[in-house]
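Okay, model-v2.tsv is below, TSV, C-alpha atoms:
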chain	number	residue	atom	x	y	z
V	249	ALA	CA	-7.56	-11.39	14.30
V	250	ILE	CA	-8.89	-13.49	11.43
V	251	ALA	CA	-11.26	-16.49	11.49
V	252	ASN	CA	-12.60	-18.92	8.91
V	253	LEU	CA	-16.41	-18.76	9.10
V	254	GLU	CA	-17.38	-22.24	7.89
V	255	THR	CA	-21.15	-21.94	8.08
V	256	THR	CA	-23.96	-19.78	6.74
V	257	LEU	CA	-26.09	-17.26	8.61
V	258	SER	CA	-29.23	-17.94	6.59
V	259	GLY	CA	-31.83	-17.47	9.32
V	260	PRO	CA	-33.95	-20.13	11.10
V	261	PRO	CA	-34.47	-23.03	11.04
V	262	TYR	CA	-30.86	-23.76	11.96
V	263	SER	CA	-29.17	-26.91	10.73
V	264	GLY	CA	-25.99	-28.93	10.94
V	265	TYR	CA	-24.27	-31.25	8.50
V	266	PRO	CA	-24.57	-31.46	5.54
V	267	HIS	CA	-26.10	-27.99	5.06
V	268	PHE	CA	-24.91	-25.63	7.77
V	269	CYS	CA	-26.97	-22.72	9.07
V	270	SER	CA	-26.08	-20.98	12.32
V	271	PRO	CA	-27.61	-18.19	14.42
V	272	ASP	CA	-26.82	-14.60	13.48
V	273	ALA	CA	-25.17	-14.21	16.89
V	274	TYR	CA	-22.12	-16.01	15.51
V	275	ALA	CA	-21.10	-12.85	13.66
V	276	SER	CA	-21.71	-10.39	16.49
V	277	SER	CA	-20.06	-12.75	18.99
V	278	LEU	CA	-16.94	-13.04	16.84
V	279	LYS	CA	-16.77	-9.25	16.75
V	280	ARG	CA	-17.15	-8.95	20.52
V	281	ALA	CA	-14.52	-11.65	21.03
V	282	GLY	CA	-11.98	-9.51	19.20
V	283	PHE	CA	-12.03	-10.78	15.65
V	284	GLY	CA	-11.91	-8.17	12.92
V	285	ILE	CA	-11.94	-10.23	9.72
V	286	VAL	CA	-13.66	-13.42	8.58
V	287	VAL	CA	-12.84	-15.43	5.47
V	288	MET	CA	-15.75	-17.31	3.92
V	289	ALA	CA	-14.53	-19.27	0.88
V	290	ASN	CA	-15.04	-22.84	2.06
V	291	ASN	CA	-16.92	-25.97	1.08
V	292	HIS	CA	-20.03	-24.94	3.06
V	293	ALA	CA	-20.32	-21.42	1.64
V	294	ALA	CA	-23.11	-22.41	-0.77
V	295	ASP	CA	-24.99	-24.74	1.61
V	296	LYS	CA	-28.09	-22.51	1.47
V	297	GLY	CA	-27.68	-21.28	-2.09
V	298	GLY	CA	-27.55	-17.67	-3.18
V	299	ILE	CA	-29.93	-16.56	-0.45
V	300	GLY	CA	-27.57	-18.01	2.13
V	301	ILE	CA	-24.52	-16.33	0.62
V	302	ASN	CA	-26.28	-12.98	0.48
V	303	ARG	CA	-27.74	-13.11	3.99
V	304	THR	CA	-24.45	-14.29	5.50
V	305	LEU	CA	-22.68	-11.32	3.91
V	306	ASN	CA	-25.40	-8.99	5.23
V	307	MET	CA	-25.06	-10.32	8.78
V	308	VAL	CA	-21.28	-10.11	8.71
V	309	ASP	CA	-21.46	-6.54	7.36
V	310	SER	CA	-23.97	-5.50	10.03
V	311	SER	CA	-21.63	-6.85	12.73
V	312	GLY	CA	-18.79	-4.65	11.53
V	313	LEU	CA	-16.55	-7.50	10.42
V	314	LEU	CA	-14.41	-7.20	7.31
V	315	HIS	CA	-14.61	-10.21	5.03
V	316	THR	CA	-13.43	-11.84	1.84
V	317	GLY	CA	-13.85	-15.08	-0.11
V	318	THR	CA	-17.54	-14.74	-1.09
V	319	PHE	CA	-19.16	-11.93	-3.04
V	320	ARG	CA	-22.59	-10.80	-4.19
V	321	SER	CA	-21.45	-10.15	-7.75
V	322	LYS	CA	-18.44	-9.86	-10.05
V	323	GLN	CA	-18.57	-6.10	-9.59
V	324	GLU	CA	-18.32	-6.50	-5.81
V	325	ARG	CA	-15.41	-8.93	-6.20
V	326	ASP	CA	-13.60	-6.56	-8.54
V	327	SER	CA	-13.85	-3.75	-5.99
V	328	LEU	CA	-13.26	-5.71	-2.76
V	329	CYS	CA	-10.77	-8.42	-3.76
V	330	PRO	CA	-8.10	-8.47	-2.53
V	331	LEU	CA	-9.10	-7.34	0.93
V	332	ILE	CA	-6.39	-4.96	2.10
V	333	ALA	CA	-6.14	-4.24	5.81
V	334	GLU	CA	-3.76	-1.47	6.86
V	335	ARG	CA	-2.23	-1.53	10.33
V	336	ASN	CA	0.55	0.77	11.57
V	337	GLY	CA	1.46	1.78	8.04
V	338	ILE	CA	1.66	-1.83	6.78
V	339	ARG	CA	-0.70	-2.89	3.99
V	340	ILE	CA	-1.71	-6.55	4.25
V	341	ALA	CA	-3.58	-8.18	1.36
V	342	LEU	CA	-5.75	-11.19	2.22
V	343	LEU	CA	-6.79	-13.67	-0.45
V	344	ASN	CA	-9.10	-16.62	0.30
V	345	TYR	CA	-9.95	-19.69	-1.79
V	346	SER	CA	-11.71	-23.05	-1.40
V	347	TYR	CA	-11.20	-26.34	-3.21
V	348	GLY	CA	-14.96	-26.45	-3.88
V	349	THR	CA	-18.48	-26.16	-2.45
V	350	ASN	CA	-19.44	-29.81	-1.85
V	351	GLY	CA	-20.97	-30.02	-5.30
V	352	GLU	CA	-23.45	-27.23	-4.55
V	353	ALA	CA	-23.82	-24.82	-7.45
V	354	VAL	CA	-23.07	-21.16	-6.74
V	355	PRO	CA	-25.97	-19.35	-8.42
V	356	PHE	CA	-25.40	-16.26	-10.54
V	357	PRO	CA	-24.38	-13.57	-9.73
V	358	TYR	CA	-22.82	-14.79	-6.46
V	359	ILE	CA	-19.16	-15.80	-6.31
V	360	VAL	CA	-17.24	-18.14	-4.02
V	361	ASN	CA	-13.50	-17.99	-4.69
V	362	ILE	CA	-12.40	-21.41	-5.94
V	363	ILE	CA	-8.77	-22.56	-6.11
V	364	ASP	CA	-7.67	-21.77	-9.65
V	365	THR	CA	-4.00	-21.01	-10.30
V	366	ALA	CA	-4.75	-18.45	-13.03
V	367	ILE	CA	-7.12	-16.55	-10.71
V	368	ILE	CA	-4.73	-16.75	-7.75
V	369	MET	CA	-1.85	-15.41	-9.84
V	370	ALA	CA	-3.98	-12.52	-11.13
V	371	ASP	CA	-5.15	-11.69	-7.59
V	372	ILE	CA	-1.58	-11.65	-6.23
V	373	ASP	CA	-0.54	-9.34	-9.06
V	374	LYS	CA	-3.54	-7.12	-8.29
V	375	ALA	CA	-2.57	-7.00	-4.62
V	376	ARG	CA	0.96	-5.93	-5.50
V	377	SER	CA	-0.38	-3.27	-7.87
V	378	ARG	CA	-2.32	-1.86	-4.91
V	379	ASN	CA	0.92	-1.52	-2.95
V	380	ALA	CA	0.41	-4.43	-0.58
V	381	ASP	CA	3.46	-4.95	1.65
V	382	PHE	CA	2.43	-8.53	2.50
V	383	VAL	CA	0.18	-10.97	0.65
V	384	ILE	CA	-1.39	-13.75	2.72
V	385	CYS	CA	-3.34	-16.58	1.06
V	386	ILE	CA	-5.89	-18.37	3.24
V	387	MET	CA	-6.59	-21.74	1.64
V	388	HIS	CA	-9.46	-24.14	2.32
V	389	TRP	CA	-7.75	-27.29	1.09
V	390	GLY	CA	-6.37	-30.74	1.88
V	391	ASN	CA	-8.01	-33.94	3.08
V	392	GLU	CA	-10.34	-34.02	6.05
V	393	TYR	CA	-8.96	-35.54	9.28
V	394	GLU	CA	-5.50	-36.26	7.81
V	395	ARG	CA	-2.89	-34.96	10.25
V	396	ASN	CA	-0.25	-34.36	7.60
V	397	ALA	CA	-0.40	-32.18	4.54
V	398	SER	CA	-1.06	-33.93	1.24
V	399	SER	CA	1.33	-33.84	-1.68
V	400	GLU	CA	-1.20	-31.61	-3.48
V	401	GLN	CA	-1.14	-29.06	-0.65
V	402	LYS	CA	2.67	-28.99	-0.66
V	403	LYS	CA	2.86	-28.63	-4.42
V	404	LEU	CA	0.29	-25.83	-4.48
V	405	ALA	CA	1.95	-24.03	-1.56
V	406	ARG	CA	5.27	-23.83	-3.39
V	407	TRP	CA	3.52	-22.65	-6.56
V	408	ILE	CA	1.73	-19.89	-4.64
V	409	PHE	CA	4.99	-18.73	-3.08
V	410	ILE	CA	6.79	-18.71	-6.43
V	411	HIS	CA	4.08	-16.39	-7.72
V	412	GLY	CA	4.47	-13.79	-4.99
V	413	CYS	CA	2.57	-14.79	-1.84
V	414	ASP	CA	4.32	-14.24	1.51
V	415	MET	CA	2.42	-16.61	3.83
V	416	ILE	CA	-0.27	-19.31	3.63
V	417	ILE	CA	-2.80	-20.22	6.32
V	418	GLY	CA	-4.84	-23.39	5.79
V	419	SER	CA	-8.17	-24.82	6.90
V	420	HIS	CA	-10.56	-27.69	6.06
V	421	PRO	CA	-8.89	-30.85	7.48
V	422	HIS	CA	-10.44	-30.11	10.93
V	423	VAL	CA	-7.27	-31.34	12.61
V	424	VAL	CA	-3.98	-29.57	13.15
V	425	GLN	CA	-1.40	-30.17	10.44
V	426	PRO	CA	2.26	-29.14	10.78
V	427	LEU	CA	3.59	-25.78	9.78
V	428	GLU	CA	6.51	-25.65	7.38
V	429	ILE	CA	9.19	-23.17	6.40
V	430	ILE	CA	9.70	-23.51	2.65
V	431	VAL	CA	13.20	-22.42	1.68
V	432	PRO	CA	14.43	-21.21	-1.72
V	433	ASP	CA	15.42	-23.88	-4.19
V	434	SER	CA	17.35	-22.83	-7.31
V	435	GLY	CA	16.08	-19.29	-6.91
V	436	ASP	CA	12.39	-20.26	-7.27
V	437	ILE	CA	11.39	-18.11	-4.29
V	438	ALA	CA	13.22	-15.09	-2.94
V	439	ALA	CA	13.24	-15.94	0.78
V	440	PRO	CA	11.98	-18.58	3.24
V	441	LYS	CA	8.17	-18.69	3.40
V	442	LEU	CA	5.78	-19.88	6.10
V	443	VAL	CA	2.82	-22.19	5.47
V	444	LEU	CA	0.41	-23.44	8.14
V	445	TYR	CA	-1.33	-26.31	6.41
V	446	SER	CA	-4.27	-26.54	8.83
V	447	LEU	CA	-5.14	-24.83	12.12
V	448	GLY	CA	-7.75	-27.44	13.10
V	449	ASN	CA	-11.02	-26.38	14.79
V	450	LEU	CA	-11.68	-23.45	17.11
V	451	VAL	CA	-15.46	-23.58	17.70
V	452	SER	CA	-16.92	-26.89	16.55
V	453	ASN	CA	-19.16	-29.78	17.55
V	454	GLN	CA	-16.56	-32.31	16.36
V	455	ARG	CA	-15.50	-33.89	19.64
V	456	GLU	CA	-13.43	-36.89	18.61
V	457	ARG	CA	-9.70	-36.98	19.29
V	458	TYR	CA	-7.67	-34.59	17.11
V	459	LYS	CA	-10.88	-32.93	15.85
V	460	ASN	CA	-11.71	-31.43	19.24
V	461	GLY	CA	-9.24	-28.57	19.13
V	462	GLY	CA	-6.96	-26.40	17.11
V	463	ILE	CA	-4.35	-23.70	17.36
V	464	LEU	CA	-4.41	-19.94	17.40
V	465	PHE	CA	-1.39	-18.68	15.53
V	466	GLY	CA	0.03	-15.19	15.88
V	467	VAL	CA	2.50	-13.61	13.51
V	468	LYS	CA	4.32	-10.30	13.75
V	469	LEU	CA	4.99	-8.56	10.46
V	470	MET	CA	7.80	-6.05	10.11
V	471	LYS	CA	8.32	-3.60	7.28
V	472	CYS	CA	11.99	-2.79	6.79
V	473	HIS	CA	13.22	0.34	5.05
V	474	LYS	CA	16.52	-0.06	3.21
V	475	THR	CA	19.13	2.67	3.25
V	476	TRP	CA	21.72	2.55	0.51
V	477	LEU	CA	25.15	3.93	1.29
V	478	ASP	CA	27.97	4.76	-1.11
Represent the supplied structure as structure tokens.
Amino acid sequence: AIANLETTLSGPPYSGYPHFCSPDAYASSLKRAGFGIVVMANNHAADKGGIGINRTLNMVDSSGLLHTGTFRSKQERDSLCPLIAERNGIRIALLNYSYGTNGEAVPFPYIVNIIDTAIIMADIDKARSRNADFVICIMHWGNEYERNASSEQKKLARWIFIHGCDMIIGSHPHVVQPLEIIVPDSGDIAAPKLVLYSLGNLVSNQRERYKNGGILFGVKLMKCHKTWLD
């Protein structure tokens, strides 16, 4: 089970918008609730600067959650990105990117994965070189509170699929946006691909209509072994 952790765990005093800081119990509670992985590349990742990035990673690590999207250094990113989770003999690579960090600078040496097509393509290639059976991109993108995907989201989704991703899961709009099956066109992608443009909110203080909920989406992955016969 994977969640987008769109806050920092920077220690008290706690704060809401525009600079989020939540209690450490968020991490341990996610673990107890059954989540195993959090993705943290989002527009609030740098709300509390480098100290916030570092402490959030420490709290997530101490809770036993796997994570990706933010890193303490380039060396850490090189060793931990992509995050590969293996279940029942299937290797799943998770890649996570955000459109930005609300204008907050990410201080050296910390890294928040930003949407950059050259970086995404290199990361997908790296995942394949590490024998990933499936590559899933988790994108923090789109326009807040818009209930349909933007043309930019749709264009980027197709580009990501052309370059080897198998599925895309989206966040940031804070409302549910439709899912879409993208089918091959002139051989640009090998098979139909699934994109969920936005899952909406799970735990949030946004209570207005359409912002006050979201969806949990489950997917079953199957690894098929081909047998060639004369």
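Excluding Gln401 in chain V itself and any same-chain residue fewer than 2 positions from it, the protein and nucleic acid residues within 8 Å of it, counting all atoms listed in the file, are V:Trp389, V:Gly390, V:Ala397, V:Ser398, V:Ser399, V:Lys403, V:Leu404, V:Ala405, V:Tyr445.
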Mind dumping a table of every range 364-460 of chain V residue within 12 Å of range 261-285 of chain V, with the nearest atom pair and its distance in Å to one decimal, using all atoms listed in the file, sorted by chain and rising number, as a Markdown table?
| residue | atom | partner | partner_atom | distance |
| --- | --- | --- | --- | --- |
| V:Leu450 | CA | V:Leu278 | CA | 11.7 |
| V:Val451 | CA | V:Tyr274 | CA | 10.3 |
| V:Ser452 | CA | V:Gly264 | CA | 10.9 |
| V:Asn453 | CA | V:Gly264 | CA | 9.5 |
| V:Gln454 | CA | V:Tyr265 | CA | 11.1 |
Measuring atom to atom with all atoms listed in the file, identify which of V:Ala375, V:Val431, V:Leu469, V:Ala294 is nearest to Val360 in chain V.
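Distance minimum relative to Val360 in chain V lands on V:Ala294.
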Test item: which residues lie within 6 Å of (0.6, -15.2, 0.5) counting all atoms listed in the file, as a JSON list (two decimals) with C-alpha atoms, keeping the file's coordinate frame:
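Once everything was written out, this is result38.json:
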[["chain", "number", "residue", "atom", "x", "y", "z"],
["V", 383, "VAL", "CA", 0.18, -10.97, 0.65],
["V", 384, "ILE", "CA", -1.39, -13.75, 2.72],
["V", 385, "CYS", "CA", -3.34, -16.58, 1.06],
["V", 413, "CYS", "CA", 2.57, -14.79, -1.84],
["V", 414, "ASP", "CA", 4.32, -14.24, 1.51],
["V", 415, "MET", "CA", 2.42, -16.61, 3.83],
["V", 416, "ILE", "CA", -0.27, -19.31, 3.63]]
Please tell me which residues are no farther than 7 Å from (-17.7, -15.5, 0.4) in the file, counting only C-alpha atoms, and write them as a list in words.
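Taken together, the residues in range are Met288, Ala289, Ala293, Ile301, Thr316, Gly317, Thr318, Phe319, Ile359 and Val360 of chain V.
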Could you tell me how far CA of Arg335 in chain V lies from CA of Leu305 in chain V, in Å and to one decimal?
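These atoms are spaced 23.6 Å apart.
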Mind pulling up the distance from CA of Glu456 in chain V to CA of Val286 in chain V?
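One can read the CA of Val286 in chain V to CA of Glu456 in chain V distance as 25.5 Å.
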Within 7 Å of Asn350 in chain V using all atoms listed in the file, minus same-chain residues under 2 positions, as a PyMOL selection string:
chain V and resi 291-292+348+352
With only C-alpha atoms as the atoms that count, which of V:Gly259, V:Gly297, V:Gly461, V:Gly435 lies nearest to Leu447 in chain V?
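For Leu447 in chain V, the nearest of the candidates is V:Gly461.
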Taking into account only C-alpha atoms, which residue in the set V:Lys296, V:Arg339, V:Arg325, V:Lys468 is nearest to Pro355 in chain V?
V:Lys296
CA of Thr349 in chain V to CA of His315 in chain V measures 18.0 Å
As JSON, please report the centre and edge lengths, rounded to one decimal in Å, of the axis-aligned box that holds all listed atoms of range 317-329 of chain V with 8 Å of padding on each of the six sides.
{"center_x": -16.7, "center_y": -9.4, "center_z": -5.1, "size_x": 27.8, "size_y": 27.3, "size_z": 25.9}
